Every structure is written in structure tokens, then in C-alpha cells.
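Okay, work-v8.txt is below, compact mmCIF, C-alpha atoms:
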# COMPACT_ATOMS: atom_id res chain seq x y z
CA MET A 1 -2.23 4.38 0.35
CA HIS A 2 -3.54 7.92 -0.03
CA GLU A 3 -0.63 8.84 -2.31
CA LEU A 4 -1.26 5.78 -4.48
CA ALA A 5 -4.95 6.59 -4.74
CA GLU A 6 -4.19 10.21 -5.66
CA HIS A 7 -1.68 9.08 -8.27
CA GLY A 8 -4.30 6.79 -9.77
CA ARG A 9 -6.84 9.59 -9.99
CA ASN A 10 -4.27 11.83 -11.67
CA ASP A 11 -3.42 9.18 -14.25
CA SER A 12 -7.11 8.68 -15.01
CA LEU A 13 -7.57 12.40 -15.58
CA ARG A 14 -4.45 12.55 -17.73
CA ASP A 15 -5.84 9.71 -19.87
CA GLU A 16 -9.06 11.67 -20.33
CA ILE A 17 -7.12 14.77 -21.38
CA LYS A 18 -5.08 12.74 -23.87
CA ALA A 19 -8.23 11.18 -25.37
CA TYR A 20 -9.98 14.55 -25.62
CA TRP A 21 -7.19 16.24 -27.58
CA SER A 22 -6.64 13.17 -29.75
CA GLY A 23 -10.29 13.52 -30.70
CA ARG A 24 -9.68 17.15 -31.67
CA ALA A 25 -6.71 16.34 -33.93
CA ALA A 26 -8.54 15.95 -37.25
CA THR A 27 -9.97 19.48 -37.22
CA PHE A 28 -7.37 21.21 -35.05
CA ASP A 29 -5.61 23.03 -37.90
CA LEU A 30 -8.87 24.31 -39.35
CA SER A 31 -9.31 26.80 -36.51
CA PRO A 32 -7.68 30.24 -36.51
CA GLY A 33 -5.76 30.59 -33.29
CA HIS A 34 -4.44 27.05 -33.70
CA GLU A 35 -2.87 27.04 -37.16
CA ILE A 36 -1.43 30.24 -38.64
CA PHE A 37 -3.23 31.62 -41.67
CA SER A 38 -1.21 34.71 -42.60
CA ASP A 39 2.36 35.93 -42.91
CA ILE A 40 1.42 38.85 -40.64
CA GLU A 41 0.50 36.49 -37.81
CA ARG A 42 3.60 34.38 -38.43
CA GLU A 43 5.79 37.48 -38.18
CA ALA A 44 4.05 38.50 -34.94
CA TRP A 45 4.81 35.08 -33.45
CA HIS A 46 8.41 35.31 -34.63
CA ALA A 47 8.72 38.68 -32.93
CA LEU A 48 7.42 37.27 -29.63
CA VAL A 49 9.87 34.36 -29.71
CA LEU A 50 12.80 36.57 -30.66
CA LYS A 51 11.89 39.03 -27.90
CA HIS A 52 12.07 36.38 -25.18
CA LEU A 53 14.27 33.57 -26.52
CA GLY A 54 16.44 35.20 -29.19
CA PRO A 55 17.45 33.67 -32.53
CA GLY A 56 17.94 29.93 -32.75
CA ASP A 57 21.51 29.69 -34.07
CA GLY A 58 21.19 25.91 -33.96
CA ARG A 59 20.24 25.77 -30.30
CA ALA A 60 18.10 22.87 -29.06
CA ALA A 61 14.42 23.73 -28.57
CA LEU A 62 11.82 21.44 -27.00
CA ASP A 63 8.23 22.19 -27.98
CA LEU A 64 6.02 20.57 -25.35
CA ALA A 65 2.45 19.55 -26.24
CA SER A 66 3.46 20.36 -29.81
CA GLY A 67 0.16 19.17 -31.30
CA THR A 68 0.23 19.49 -35.08
CA GLY A 69 3.57 21.29 -34.98
CA VAL A 70 2.52 24.92 -35.38
CA ILE A 71 4.96 26.30 -32.79
CA SER A 72 7.66 23.82 -33.83
CA HIS A 73 7.59 25.29 -37.34
CA LEU A 74 7.87 28.83 -35.97
CA MET A 75 10.95 27.80 -34.00
CA ASP A 76 12.41 26.04 -37.03
CA ASP A 77 11.90 29.25 -39.04
CA LEU A 78 14.13 31.05 -36.54
CA GLY A 79 16.99 28.55 -36.71
CA TYR A 80 16.29 26.36 -33.71
CA ARG A 81 16.99 22.64 -33.74
CA VAL A 82 13.48 21.58 -32.81
CA THR A 83 12.01 18.55 -31.09
CA GLY A 84 8.24 18.42 -30.76
CA MET A 85 6.69 16.26 -28.05
CA ASP A 86 3.02 15.39 -27.68
CA TRP A 87 1.19 12.48 -26.10
CA SER A 88 -1.37 12.26 -28.91
CA GLU A 89 -0.21 10.09 -31.79
CA ASP A 90 -3.12 11.46 -33.83
CA MET A 91 -1.71 14.97 -33.47
CA LEU A 92 1.81 13.81 -34.23
CA GLN A 93 0.83 12.04 -37.44
CA LEU A 94 -0.45 15.35 -38.72
CA ALA A 95 2.67 17.16 -37.46
CA ARG A 96 4.99 14.75 -39.26
CA ALA A 97 3.01 14.99 -42.49
CA LYS A 98 3.09 18.79 -42.30
CA ALA A 99 6.86 18.82 -41.72
CA LYS A 100 7.42 16.43 -44.62
CA SER A 101 5.28 18.50 -47.00
CA ARG A 102 7.21 21.66 -46.04
CA GLY A 103 10.63 20.01 -46.16
CA ARG A 104 11.31 20.65 -42.48
CA ASN A 105 13.75 18.62 -40.39
CA ILE A 106 11.76 18.56 -37.14
CA ARG A 107 11.72 15.54 -34.87
CA PHE A 108 8.31 14.66 -33.43
CA PHE A 109 7.73 11.89 -30.92
CA VAL A 110 5.21 10.67 -28.39
CA GLY A 111 5.98 11.85 -24.89
CA ASP A 112 4.45 13.26 -21.75
CA ALA A 113 5.11 16.95 -21.10
CA GLU A 114 4.82 16.31 -17.36
CA ARG A 115 7.32 13.40 -17.47
CA THR A 116 9.47 14.09 -20.52
CA MET A 117 12.16 11.41 -19.97
CA GLU A 118 14.58 13.84 -21.65
CA PRO A 119 18.21 13.92 -20.43
CA ASP A 120 19.29 16.42 -17.78
CA GLU A 121 20.33 19.84 -19.12
CA SER A 122 19.66 18.86 -22.73
CA ALA A 123 17.54 21.80 -23.98
CA ASP A 124 18.56 25.39 -24.54
CA VAL A 125 14.93 26.51 -24.61
CA ILE A 126 11.53 25.01 -23.89
CA ILE A 127 8.35 26.47 -25.33
CA THR A 128 4.70 25.63 -24.67
CA ARG A 129 1.46 27.05 -26.03
CA HIS A 130 -1.86 26.44 -24.27
CA LEU A 131 -0.48 23.59 -22.17
CA VAL A 132 -0.06 24.95 -18.64
CA TRP A 133 -3.77 25.57 -18.03
CA THR A 134 -4.39 21.83 -18.63
CA LEU A 135 -1.68 20.47 -16.32
CA VAL A 136 -2.69 18.15 -13.51
CA ASP A 137 0.44 18.98 -11.48
CA PRO A 138 2.14 22.13 -12.80
CA LYS A 139 4.68 22.31 -9.96
CA ALA A 140 5.98 18.84 -10.79
CA SER A 141 5.97 19.76 -14.48
CA PHE A 142 7.96 22.93 -13.86
CA GLU A 143 10.48 20.96 -11.83
CA GLU A 144 10.79 18.54 -14.76
CA TRP A 145 11.33 21.36 -17.24
CA PHE A 146 13.87 22.98 -14.91
CA ARG A 147 15.79 19.69 -14.89
CA VAL A 148 15.78 19.40 -18.69
CA LEU A 149 16.94 22.97 -19.34
CA LYS A 150 20.61 23.82 -19.47
CA PRO A 151 21.85 26.41 -16.96
CA GLY A 152 20.92 29.77 -18.40
CA GLY A 153 18.21 28.12 -20.50
CA ARG A 154 14.84 29.76 -21.03
CA LEU A 155 11.26 28.59 -20.77
CA LEU A 156 8.56 30.44 -22.73
CA ILE A 157 4.94 29.75 -21.80
CA ILE A 158 2.12 31.16 -23.93
CA ASP A 159 -1.20 30.63 -22.21
CA GLY A 160 -4.31 32.23 -20.77
CA ASP A 161 -7.10 32.17 -18.25
CA PHE A 162 -9.96 30.48 -20.10
CA VAL A 163 -12.22 30.29 -17.05
CA ASN A 164 -12.67 33.79 -15.64
CA THR A 165 -14.25 36.48 -17.77
CA GLY A 166 -14.48 40.22 -17.26
CA LEU A 167 -17.67 42.22 -17.64
CA ARG A 168 -16.92 43.33 -21.20
CA GLU A 169 -16.09 39.78 -22.26
CA ARG A 170 -19.33 38.45 -20.74
CA LEU A 171 -21.38 41.10 -22.52
CA VAL A 172 -19.76 40.35 -25.88
CA LYS A 173 -20.30 36.60 -25.39
CA LYS A 174 -23.93 37.14 -24.47
CA LEU A 175 -24.58 39.30 -27.52
CA ALA A 176 -22.80 36.83 -29.81
CA ALA A 177 -24.83 33.92 -28.38
CA ILE A 178 -28.10 35.79 -28.99
CA LEU A 179 -27.14 36.57 -32.58
CA GLU A 180 -26.07 32.95 -33.19
CA ARG A 181 -29.37 31.59 -31.89
CA THR A 182 -31.36 33.97 -34.07
CA GLY A 183 -29.29 33.10 -37.14
CA PHE A 184 -27.79 36.55 -37.71
CA ILE A 185 -24.23 35.24 -37.39
CA LYS A 186 -22.52 31.87 -37.72
CA ALA A 187 -21.10 29.95 -34.75
CA ASP A 188 -17.65 31.08 -33.66
CA GLN A 189 -16.14 27.57 -33.61
CA PRO A 190 -17.65 25.67 -36.56
CA HIS A 191 -14.78 23.16 -36.60
CA ARG A 192 -14.97 22.20 -32.94
CA PRO A 193 -16.50 18.73 -32.54
CA ALA A 194 -19.74 18.43 -30.57
CA ASP A 195 -19.12 17.70 -26.91
CA SER A 196 -22.44 16.17 -25.92
CA SER A 197 -21.05 14.60 -22.75
CA ASN A 198 -19.49 17.93 -21.67
CA THR A 199 -16.07 16.30 -21.49
CA PHE A 200 -14.19 19.58 -21.79
CA ASN A 201 -15.85 21.16 -18.76
CA SER A 202 -15.50 17.96 -16.77
CA ILE A 203 -11.76 17.91 -17.41
CA LEU A 204 -11.41 21.62 -16.72
CA SER A 205 -13.09 21.27 -13.34
CA ARG A 206 -10.40 18.80 -12.18
CA VAL A 207 -7.09 20.24 -13.39
CA TYR A 208 -4.89 22.32 -11.10
CA PHE A 209 -5.94 25.61 -12.67
CA ALA A 210 -9.65 24.78 -12.56
CA LYS A 211 -10.30 28.35 -11.38
CA GLY A 212 -8.22 29.84 -14.18
CA ALA A 213 -4.51 30.01 -15.00
CA ARG A 214 -3.71 33.62 -14.12
CA ALA A 215 -0.27 34.85 -15.15
CA PRO A 216 0.84 35.89 -11.62
CA ASP A 217 -0.04 32.44 -10.25
CA VAL A 218 1.92 30.70 -13.02
CA ALA A 219 4.87 33.03 -12.42
CA ALA A 220 4.80 32.40 -8.66
CA LEU A 221 4.94 28.63 -9.19
CA LEU A 222 7.87 29.04 -11.57
CA ARG A 223 9.77 31.13 -9.03
CA SER A 224 9.12 28.57 -6.29
CA THR A 225 10.62 25.94 -8.60
CA GLY A 226 13.87 27.89 -8.88
CA PHE A 227 13.42 29.86 -12.09
CA MET A 228 14.74 33.40 -11.82
CA PRO A 229 14.04 35.88 -13.25
CA VAL A 230 10.44 35.27 -14.28
CA THR A 231 8.74 37.91 -16.44
CA ILE A 232 5.13 38.31 -17.53
CA ASP A 233 4.38 39.78 -20.96
CA GLN A 234 0.72 40.57 -21.69
CA ASP A 235 1.35 42.55 -24.87
CA LEU A 236 0.19 40.01 -27.44
CA ARG A 237 -1.77 42.58 -29.42
CA ALA A 238 0.10 42.07 -32.70
CA ILE A 239 -0.73 38.36 -32.65
CA HIS A 240 -4.36 38.98 -31.67
CA ARG A 241 -4.86 41.61 -34.37
CA ALA A 242 -3.52 39.25 -37.01
CA GLN A 243 -5.69 36.38 -35.77
CA ALA A 244 -8.78 38.59 -35.70
CA LYS A 245 -8.68 38.89 -39.50
CA ASN A 246 -9.61 35.19 -39.67
CA PHE A 247 -12.11 35.19 -36.80
CA THR A 248 -15.72 36.19 -36.78
CA PHE A 249 -16.14 39.78 -35.61
CA PHE A 250 -17.15 38.84 -32.07
CA LYS A 251 -14.45 36.25 -31.61
CA GLY A 252 -11.88 38.80 -32.75
CA VAL A 253 -13.15 41.22 -30.13
CA LEU A 254 -13.08 38.53 -27.45
CA ARG A 255 -9.50 37.55 -28.26
CA GLY A 256 -8.34 41.03 -27.32
CA LEU A 257 -10.34 41.04 -24.07
CA GLN A 258 -9.15 37.71 -22.69
CA HIS A 259 -6.38 37.28 -20.12
CA ARG A 260 -3.75 35.86 -22.46
CA TYR A 261 -0.05 36.20 -21.81
CA ALA A 262 3.49 34.99 -22.24
CA VAL A 263 5.68 34.12 -19.28
CA VAL A 264 9.44 33.77 -19.73
CA ALA A 265 11.45 32.04 -17.02
CA VAL A 266 15.21 31.57 -16.82
CA LYS A 267 17.08 28.70 -15.20
CA PRO A 268 19.95 30.41 -13.33
CA ASP A 269 23.48 29.71 -14.54
CA SER A 270 24.39 28.55 -11.05
CA ALA A 271 21.53 26.02 -10.82
C-alpha cells encoding of this file:
Amino acid sequence: MHELAEHGRNDSLRDEIKAYWSGRAATFDLSPGHEIFSDIEREAWHALVLKHLGPGDGRAALDLASGTGVISHLMDDLGYRVTGMDWSEDMLQLARAKAKSRGRNIRFFVGDAERTMEPDESADVIITRHLVWTLVDPKASFEEWFRVLKPGGRLLIIDGDFVNTGLRERLVKKLAAILERTGFIKADQPHRPADSSNTFNSILSRVYFAKGARAPDVAALLRSTGFMPVTIDQDLRAIHRAQAKNFTFFKGVLRGLQHRYAVVAVKPDSA
């Protein structure tokens, strides 16, 4: 009975997460840090993918929580055969339209990143951006992704701790907030819809990484799932510098101070 009740609570939370991001779909690509607004940033992303996953060469890539298809397009650029999965049809409509307008052959479909329903050992690589910190049950998700990857396949997670802040980050945020209130600068996220019911914070308080998705904790969970080796890469400076050109000054500073990272995990050949 307890397990059934817990499962029900998890499904309710997952429905809330799905509804929240569906509501963000219409303005998602307007925000720097979501869509890519320069060739310099695109090249920095390409370099990160090539560093950890290598060139596509027609290999099968699964982009989980693909949203409007930003990462899917990066993978397609590099020669991967890309499938994008997201559980928001609103996001996927935009992703399909974007792929059609750019003449890209990327398959997008509705699916749950925590329960993909993909065949065993069907993907050469899996990539996610800003998904892991929202997962209700990351251990179960990692087990699912381990199952879907081919032996020797690679998982690349790009994520961050969006809960904990260091002293410098808090000071910059405080100064920016003061200047916003006094009208000296514009708000950092003008395209983010108003969240009068505080839905975002309510969701954040109930996910697994409610206290922040730190890279070592994510890596430890991946190792316990069977991935080996697992490597943390916190050198995302080239991406952050490129993004900063499209941010307000303070948001550009904050991007470089936050705990953002890539984690690459390999499914052993003998798995």
C-alpha cells in the first residue's frame, strides 16, 4: 500500500512538471541559454559534444527532454541520427516546426525520459540538458538509460545546481535585484511567464535533487547504476562566454559563477 501511495504521489508531481514546462513552451526559445543565438555559442556546444561523445558518423543519438530541439539540432550538425523525446507536445510542435524550416531529418515524439519505452541497447549515445535536476527518481532513470544504451555507449548530462549559491553569486543577485527595483536595469528574464502561484519552487522542493544537483552526487548515482567510467567536466567557460553576449551584464556574470557541469558516463562493453 505504501509503495502504491508513493507511486501515486510521484505521478502527480510528474504531471505538475509536465504542465509547467508545457506552459513555458511558447517563450522558451526567446531566452538566451535555451536557444542558441550565435555561431560562436554553437561551435562551443559542438566542441563539448565532440570532446565527450565524438563525431556522429550516423550513430543513433537519443536526446531526452529535447524541448524545442536545440540539442537535437547540435547533434544533427555533427552527423548523429537523432531522436528527440519530450513529454510536452507543446514543446514538440515547436521542435518539429523548427526542424522542418531548417530541412533537418530529426524524429521527435512524445515520451517520458524516466520510462522511455525504447528497445534494449538501441542508442549509441544519450544526451540530456537541464533534465537531471528535475527528475523525481534519478536512480530509476539512470537504470533506464543504462538499459537503452548499447555496450560501450555514452551518456552526456549537461546540468547544474540551481538551488545552492555561493557568496559571490548571492552578492551579484542582490545587487541586480536592487538595480531592477530602482529601474536602472531591466529584468534578467523578461520572457519568463509570471509564476504567481510559485509553481516552480513548489516543484523544486519535491524533486529528488531539491537541495541541489551537485555534480559529484550525480556521478555517484551513475556509478552505482553500473556506468564506468564516469567523468565530471566543469569547464563550460566557452559556452558561458558566448551566452553572456546575449545576457544582461549581471546574468552573464552569474552564469560563470554557477555550479554548471557536464558529466559523461560510459556503459561498459561487458555490461
Report, in Å with one decimal, the straight-line distance from CA of Asp120 (chain A) to CA of Asp11 (chain A).
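Between CA of Asp120 (chain A) and CA of Asp11 (chain A) the gap works out to 24.1 Å.
Taking all atoms listed in the file into account, Val207 (chain A) lies nearest to A:Asp137 out of the set A:Glu143, A:Asp137, A:Glu16, A:Asp159.
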Please, what distance in Å, to one decimal, runs between CA of Val136 (chain A) and CA of Gln243 (chain A)?
28.9 Å
Could you name the residues that touch Gly84 (chain A) at 9 Å or less, counting all atoms listed in the file, but leaving out those on the same chain fewer than 2 positions away, as a PyMOL selection string?
chain A and resi 61-67+69+71-72+82+86+92+95+106-110
Measuring atom to atom with all atoms listed in the file, identify which of A:Ile157, A:Val230, A:Ile203, A:Ile126 is nearest to Ala60 (chain A).
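Going through A:Ile157, A:Val230, A:Ile203, A:Ile126 one by one, the smallest distance to Ala60 (chain A) is for A:Ile126.
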What lies within 7 Å of Glu121 (chain A) using all atoms listed in the file, ignoring chain neighbours under 6 positions off, as a ChimeraX atom specification?
/A:147-150
Just-selected residues, C-alpha atoms written as a PDB file, keeping the file's coordinate frame:
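Below you can see out_15.pdb, which holds the result:
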ATOM      1  CA  ARG A 147      15.790  19.690 -14.890  1.00  0.00           C
ATOM      2  CA  VAL A 148      15.780  19.400 -18.690  1.00  0.00           C
ATOM      3  CA  LEU A 149      16.940  22.970 -19.340  1.00  0.00           C
ATOM      4  CA  LYS A 150      20.610  23.820 -19.470  1.00  0.00           C
TER       5      LYS A 150
END
Quick one: residues within 12 Å of (17.0, 34.6, -31.0) (file frame), counting all atoms listed in the file, please, as a list in words.
His46, Ala47, Leu48, Val49, Leu50, Lys51, His52, Leu53, Gly54, Pro55, Gly56, Asp57, Gly58, Arg59, Ala60, Ala61, Leu74, Met75, Asp76, Asp77, Leu78, Gly79, Tyr80, Asp124, Val125 and Arg154 of chain A
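In this comparison, which uses all atoms listed in the file, the residue of A:Ala26, A:Leu204, A:Leu156, A:Leu257 approaching Phe227 (chain A) most closely is A:Leu156.
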Find the residue from A:Ile232, A:Ile40, A:Val266, A:Ala213 that sits nearest to Ala244 (chain A); use only C-alpha atoms when measuring.
A:Ile40
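Closest to Tyr208 (chain A) among A:Lys100, A:Arg241, A:Arg14, A:Arg42 is A:Arg14, based on only C-alpha atoms.
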Any chance you could work out the axis-aligned box around region 259-266 of chain A, listed atoms only, 8 Å on each side, giving centre and edge lengths in Å to one decimal, as lines of an AutoDock Vina configuration file?
center_x = 4.4
center_y = 34.4
center_z = -19.6
size_x = 37.6
size_y = 21.7
size_z = 21.6
Minimum-distance residue to Asp269 (chain A), chosen among A:Pro151, A:Arg102, A:Asn198, A:Ile17 (using all atoms listed in the file):
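With all atoms listed in the file as the atom set, the closest residue is A:Pro151.
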Leaving out Asp112 (chain A) and any residue of its chain fewer than 2 positions from it, which residues lie within 7 Å of it when counting only C-alpha atoms, given as JSON, numbers by chain?
{"A": [86, 87, 114, 115, 116]}
For a quick check of your reading of the model, name the residues lying within 10 Å of the coordinate (-0.6, 35.9, -41.3), counting only C-alpha atoms, and write them as a PDB file with C-alpha atoms, in the frame of the given file.
ATOM      1  CA  ILE A  36      -1.430  30.240 -38.640  1.00  0.00           C
ATOM      2  CA  PHE A  37      -3.230  31.620 -41.670  1.00  0.00           C
ATOM      3  CA  SER A  38      -1.210  34.710 -42.600  1.00  0.00           C
ATOM      4  CA  ASP A  39       2.360  35.930 -42.910  1.00  0.00           C
ATOM      5  CA  ILE A  40       1.420  38.850 -40.640  1.00  0.00           C
ATOM      6  CA  GLU A  41       0.500  36.490 -37.810  1.00  0.00           C
ATOM      7  CA  ARG A  42       3.600  34.380 -38.430  1.00  0.00           C
ATOM      8  CA  GLU A  43       5.790  37.480 -38.180  1.00  0.00           C
ATOM      9  CA  ALA A  44       4.050  38.500 -34.940  1.00  0.00           C
ATOM     10  CA  TRP A  45       4.810  35.080 -33.450  1.00  0.00           C
ATOM     11  CA  ILE A 239      -0.730  38.360 -32.650  1.00  0.00           C
ATOM     12  CA  ARG A 241      -4.860  41.610 -34.370  1.00  0.00           C
ATOM     13  CA  ALA A 242      -3.520  39.250 -37.010  1.00  0.00           C
ATOM     14  CA  GLN A 243      -5.690  36.380 -35.770  1.00  0.00           C
ATOM     15  CA  LYS A 245      -8.680  38.890 -39.500  1.00  0.00           C
ATOM     16  CA  ASN A 246      -9.610  35.190 -39.670  1.00  0.00           C
TER      17      ASN A 246
END
So the first atom is CA of Ser31 (chain A) and the second is CA of Asn164 (chain A); what is the distance between them in Å, to one decimal place?
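Atom-to-atom, CA of Ser31 (chain A) and CA of Asn164 (chain A) are spaced 22.3 Å apart.
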List as a list of chain:residue names the protein and nucleic acid residues near Gly226 (chain A), meaning an atom at most 9 Å away when only C-alpha atoms are counted, but skip any in the same chain fewer than 5 places from it.
A:Glu143, A:Phe146, A:Leu221, A:Val266, A:Lys267, A:Pro268, A:Ala271
How about completing region 204-223 of chain A with N, CA, C and O atoms and giving it to me as a short mmCIF file (atom, residue, chain, number, x, y, z; two decimals), in the coordinates of the input?
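To be explicit, this is the file written out as selection_18.cif:
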data_model
loop_
_atom_site.label_atom_id
_atom_site.label_comp_id
_atom_site.auth_asym_id
_atom_site.auth_seq_id
_atom_site.Cartn_x
_atom_site.Cartn_y
_atom_site.Cartn_z
N LEU A 204 -11.82 20.32 -17.24
CA LEU A 204 -11.41 21.62 -16.72
C LEU A 204 -11.67 21.75 -15.23
O LEU A 204 -10.87 22.35 -14.50
N SER A 205 -12.74 21.16 -14.75
CA SER A 205 -13.09 21.27 -13.34
C SER A 205 -12.13 20.52 -12.43
O SER A 205 -12.14 20.73 -11.22
N ARG A 206 -11.27 19.66 -13.01
CA ARG A 206 -10.40 18.80 -12.18
C ARG A 206 -8.91 19.06 -12.34
O ARG A 206 -8.10 18.46 -11.62
N VAL A 207 -8.52 19.93 -13.26
CA VAL A 207 -7.09 20.24 -13.39
C VAL A 207 -6.69 21.24 -12.30
O VAL A 207 -7.53 21.82 -11.61
N TYR A 208 -5.40 21.45 -12.16
CA TYR A 208 -4.89 22.32 -11.10
C TYR A 208 -5.45 23.73 -11.22
O TYR A 208 -5.85 24.35 -10.23
N PHE A 209 -5.47 24.24 -12.45
CA PHE A 209 -5.94 25.61 -12.67
C PHE A 209 -7.43 25.62 -13.03
O PHE A 209 -7.85 26.35 -13.94
N ALA A 210 -8.21 24.85 -12.30
CA ALA A 210 -9.65 24.78 -12.56
C ALA A 210 -10.32 26.15 -12.40
O ALA A 210 -11.35 26.42 -13.02
N LYS A 211 -9.73 27.01 -11.58
CA LYS A 211 -10.30 28.35 -11.38
C LYS A 211 -9.63 29.40 -12.27
O LYS A 211 -9.87 30.60 -12.11
N GLY A 212 -8.84 28.94 -13.22
CA GLY A 212 -8.22 29.84 -14.18
C GLY A 212 -6.73 29.97 -13.97
O GLY A 212 -6.27 30.13 -12.84
N ALA A 213 -5.97 29.89 -15.06
CA ALA A 213 -4.51 30.01 -15.00
C ALA A 213 -4.13 31.47 -15.17
O ALA A 213 -3.89 31.94 -16.29
N ARG A 214 -4.09 32.22 -14.07
CA ARG A 214 -3.71 33.62 -14.12
C ARG A 214 -2.18 33.74 -14.19
O ARG A 214 -1.45 32.97 -13.55
N ALA A 215 -1.71 34.70 -14.94
CA ALA A 215 -0.27 34.85 -15.15
C ALA A 215 0.52 34.98 -13.84
O ALA A 215 1.56 34.33 -13.68
N PRO A 216 0.07 35.79 -12.87
CA PRO A 216 0.84 35.89 -11.62
C PRO A 216 0.96 34.56 -10.87
O PRO A 216 1.99 34.31 -10.23
N ASP A 217 -0.09 33.73 -10.94
CA ASP A 217 -0.04 32.44 -10.25
C ASP A 217 0.95 31.50 -10.94
O ASP A 217 1.70 30.76 -10.28
N VAL A 218 0.96 31.51 -12.27
CA VAL A 218 1.92 30.70 -13.02
C VAL A 218 3.33 31.17 -12.71
O VAL A 218 4.23 30.36 -12.43
N ALA A 219 3.55 32.48 -12.70
CA ALA A 219 4.87 33.03 -12.42
C ALA A 219 5.34 32.67 -11.02
O ALA A 219 6.52 32.35 -10.80
N ALA A 220 4.43 32.72 -10.05
CA ALA A 220 4.80 32.40 -8.66
C ALA A 220 5.25 30.94 -8.54
O ALA A 220 6.22 30.63 -7.84
N LEU A 221 4.55 30.04 -9.22
CA LEU A 221 4.94 28.63 -9.19
C LEU A 221 6.31 28.44 -9.83
O LEU A 221 7.12 27.63 -9.36
N LEU A 222 6.56 29.14 -10.91
CA LEU A 222 7.87 29.04 -11.57
C LEU A 222 8.98 29.52 -10.64
O LEU A 222 10.04 28.89 -10.55
N ARG A 223 8.75 30.62 -9.96
CA ARG A 223 9.77 31.13 -9.03
C ARG A 223 10.03 30.15 -7.90
O ARG A 223 11.17 29.95 -7.48
#
